[in-house]
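In what follows, a single structure is set out as C-alpha coordinates and then discussed.
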Amino acid sequence: MPNRAVVFVSEACEGLDGRRLSEIMGDASEFNRRAGVTGVTLFDGRRFLSYMEGPPDGLDVAFSRAAGATSHCNLIEIARGRVGQRRLPYWPMRCIPVSAPELVQLVGADWTGFLQRGQDQAAPATAMELLVAVAEPFAETA
(Lines give C-alpha, C1' and ligand atoms only; values in the text may rest on other atoms or scores of the structure.)
Protein backbone atom coordinates (compact mmCIF):
# COMPACT_ATOMS: atom_id res chain seq x y z
CA MET A 1 0.00 0.00 0.00
CA PRO A 2 1.49 3.38 -0.96
CA ASN A 3 2.40 5.86 1.70
CA ARG A 4 0.65 9.19 2.03
CA ALA A 5 1.95 12.50 3.37
CA VAL A 6 0.55 15.68 4.84
CA VAL A 7 2.21 19.00 5.55
CA PHE A 8 0.71 21.78 7.63
CA VAL A 9 1.60 24.98 9.42
CA SER A 10 0.38 26.29 12.75
CA GLU A 11 1.21 28.81 15.45
CA ALA A 12 2.43 28.02 18.95
CA CYS A 13 -0.08 28.87 21.65
CA GLU A 14 0.99 31.45 24.16
CA GLY A 15 2.97 30.01 27.03
CA LEU A 16 4.43 27.04 25.14
CA ASP A 17 7.91 26.61 26.58
CA GLY A 18 10.81 24.36 25.66
CA ARG A 19 10.03 21.76 28.32
CA ARG A 20 6.42 21.41 27.18
CA LEU A 21 7.48 21.28 23.52
CA SER A 22 9.89 18.41 24.33
CA GLU A 23 7.07 16.53 26.08
CA ILE A 24 4.75 17.03 23.10
CA MET A 25 7.37 15.83 20.63
CA GLY A 26 8.09 12.79 22.81
CA ASP A 27 4.38 11.91 22.96
CA ALA A 28 4.04 12.41 19.19
CA SER A 29 7.08 10.23 18.56
CA GLU A 30 5.67 7.37 20.66
CA PHE A 31 2.26 7.62 19.03
CA ASN A 32 3.65 7.85 15.49
CA ARG A 33 5.94 4.86 16.05
CA ARG A 34 2.89 2.73 16.86
CA ALA A 35 0.99 4.17 13.87
CA GLY A 36 3.87 3.57 11.44
CA VAL A 37 4.24 7.30 10.78
CA THR A 38 7.47 9.25 10.40
CA GLY A 39 7.88 12.99 10.31
CA VAL A 40 9.49 16.22 11.26
CA THR A 41 8.34 19.50 12.76
CA LEU A 42 10.26 22.68 12.07
CA PHE A 43 9.90 25.44 14.66
CA ASP A 44 11.01 29.06 14.38
CA GLY A 45 10.10 29.92 17.98
CA ARG A 46 6.61 31.04 17.01
CA ARG A 47 5.37 28.92 14.13
CA PHE A 48 5.50 25.27 13.16
CA LEU A 49 5.71 23.47 9.84
CA SER A 50 5.01 19.75 10.23
CA TYR A 51 5.45 16.99 7.68
CA MET A 52 4.21 13.45 8.34
CA GLU A 53 4.23 10.37 6.11
CA GLY A 54 3.09 6.80 6.42
CA PRO A 55 0.27 4.37 5.72
CA PRO A 56 -3.09 6.08 5.11
CA ASP A 57 -4.79 4.80 8.28
CA GLY A 58 -1.87 5.66 10.57
CA LEU A 59 -1.36 9.05 8.94
CA ASP A 60 -5.04 9.97 9.28
CA VAL A 61 -5.02 9.18 12.99
CA ALA A 62 -1.70 10.96 13.60
CA PHE A 63 -2.87 14.05 11.72
CA SER A 64 -6.21 14.10 13.58
CA ARG A 65 -4.32 13.91 16.84
CA ALA A 66 -2.02 16.76 15.81
CA ALA A 67 -4.94 18.85 14.56
CA GLY A 68 -6.69 18.51 17.90
CA ALA A 69 -3.68 19.46 20.02
CA THR A 70 -4.04 22.49 22.27
CA SER A 71 -0.35 23.43 22.03
CA HIS A 72 -0.84 25.13 18.69
CA CYS A 73 -3.57 26.98 16.82
CA ASN A 74 -4.47 28.34 13.40
CA LEU A 75 -3.55 25.08 11.69
CA ILE A 76 -3.52 25.28 7.89
CA GLU A 77 -3.05 22.18 5.77
CA ILE A 78 -0.70 22.99 2.88
CA ALA A 79 -0.67 19.69 1.02
CA ARG A 80 -1.77 16.07 1.28
CA GLY A 81 -1.13 13.25 -1.14
CA ARG A 82 0.53 10.03 -2.11
CA VAL A 83 4.29 9.54 -1.86
CA GLY A 84 6.02 6.66 -3.58
CA GLN A 85 8.59 6.27 -0.82
CA ARG A 86 9.30 7.80 2.53
CA ARG A 87 11.27 11.00 2.20
CA LEU A 88 12.11 11.40 5.90
CA PRO A 89 12.22 7.89 7.39
CA TYR A 90 14.62 8.85 10.19
CA TRP A 91 12.28 9.53 13.11
CA PRO A 92 8.69 8.94 14.19
CA MET A 93 8.77 12.70 14.98
CA ARG A 94 11.58 15.17 15.46
CA CYS A 95 11.54 18.90 16.15
CA ILE A 96 14.18 20.92 14.33
CA PRO A 97 14.78 24.61 15.05
CA VAL A 98 14.83 26.88 11.99
CA SER A 99 14.92 30.60 11.37
CA ALA A 100 11.76 32.52 10.52
CA PRO A 101 12.97 33.16 6.93
CA GLU A 102 13.65 29.43 6.43
CA LEU A 103 10.14 28.58 7.59
CA VAL A 104 8.60 31.26 5.35
CA GLN A 105 10.57 29.93 2.37
CA LEU A 106 9.30 26.40 3.00
CA VAL A 107 5.69 27.49 3.42
CA GLY A 108 5.83 29.41 0.14
CA ALA A 109 7.62 26.71 -1.86
CA ASP A 110 5.97 24.29 -4.30
CA TRP A 111 4.48 21.34 -2.40
CA THR A 112 2.77 19.90 -5.49
CA GLY A 113 3.00 16.14 -5.34
CA PHE A 114 5.82 16.25 -2.77
CA LEU A 115 8.21 16.20 -5.73
CA GLN A 116 11.96 15.94 -5.64
CA ARG A 117 13.84 16.60 -8.87
CA GLY A 118 17.15 15.17 -10.01
CA GLN A 119 20.33 16.83 -8.77
CA ASP A 120 21.02 18.36 -12.16
CA GLN A 121 17.83 20.43 -12.19
CA ALA A 122 17.98 24.22 -12.02
CA ALA A 123 16.47 26.28 -9.19
CA PRO A 124 14.05 26.95 -7.67
CA ALA A 125 14.05 23.91 -5.43
CA THR A 126 10.79 22.21 -4.59
CA ALA A 127 9.42 22.33 -1.05
CA MET A 128 10.30 18.68 -0.51
CA GLU A 129 13.91 19.32 -1.56
CA LEU A 130 14.13 22.25 0.84
CA LEU A 131 12.63 20.20 3.68
CA VAL A 132 15.00 17.29 3.09
CA ALA A 133 17.95 19.70 2.99
CA VAL A 134 16.98 21.09 6.40
CA ALA A 135 16.29 17.67 7.97
CA GLU A 136 19.04 15.43 6.60
CA PRO A 137 21.91 16.93 8.65
CA PHE A 138 19.96 15.89 11.76
CA ALA A 139 19.57 12.31 10.48
CA GLU A 140 23.08 11.53 11.70
CA THR A 141 21.82 12.02 15.26
CA ALA A 142 18.75 9.82 14.76
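Naming works like this for the C-alpha coordinates: A, B, ... for the chains as they're shown, residue 1 at the start of each chain, ligands 1 onward in shown order.
Using only C-alpha atoms, the protein and nucleic acid residues lying no more than 9 Å from segment 96-111 of chain A, apart from those fewer than 6 places from it along its own chain, are Val7, Phe8, Val9, Val40, Thr41, Leu42, Phe43, Asp44, Gly45, Arg46, Arg47, Phe48, Leu49, Ile78, Ala79, Arg80, Pro124, Ala125, Thr126, Ala127, Met128, Leu130, Leu131, Val134, Ala135 and Phe138 of chain A.
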Write out as a list in words which residues come within 12 Å of Leu59 of chain A when counting only C-alpha atoms, dropping same-chain ones fewer than 5 positions away.
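Once the nearby chain positions are removed, what remains is Pro2, Asn3, Arg4, Ala5, Val6, Val7, Phe31, Asn32, Arg33, Arg34, Ala35, Gly36, Val37, Thr38, Gly39, Tyr51, Met52, Glu53, Gly54, Ser64, Arg65, Ala66, Ala67, Arg80, Gly81, Arg82 and Pro92 of chain A.
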Could you go through chain A and tell me which residues DSSP, when run on the backbone, assigns to strand (DSSP E or B), listing them as a VMD selection string?
chain A and resid 3 to 12 38 to 43 47 to 54 72 to 83 95 to 97
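If you look at atom CA of Glu11 of chain A and atom CA of Glu136 of chain A, they are 24.0 Å away from each other.
Pairwise distance (atom CA of Ser71 of chain A, atom CA of Ser10 of chain A) equals 9.7 Å.
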What is the distance, in Å and to one decimal place, between atom CA of Gly84 of chain A and atom CA of Ala69 of chain A?
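One can read the atom CA of Gly84 of chain A to atom CA of Ala69 of chain A distance as 28.5 Å.
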When DSSP works through the backbone of this structure, what residues of chain A end up as helix (DSSP H, G or I), shown as a PyMOL selection string?
chain A and resi 18-35+56-67+100-108+112-114+127-139
Pick the closest to His72 of chain A from A:Asp60, A:Glu140, A:Asp17, A:Glu129: which is it, counting only C-alpha atoms?
A:Asp17
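Of the listed residues (A:Thr70, A:Ser50, A:Thr112, A:Gln85), A:Thr70 comes nearest to Glu14 of chain A; the distances count only C-alpha atoms.
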Residue nearest Phe63 of chain A among A:Ala28, A:Leu21, A:Cys13, A:Leu115 (counting only C-alpha atoms):
A:Ala28
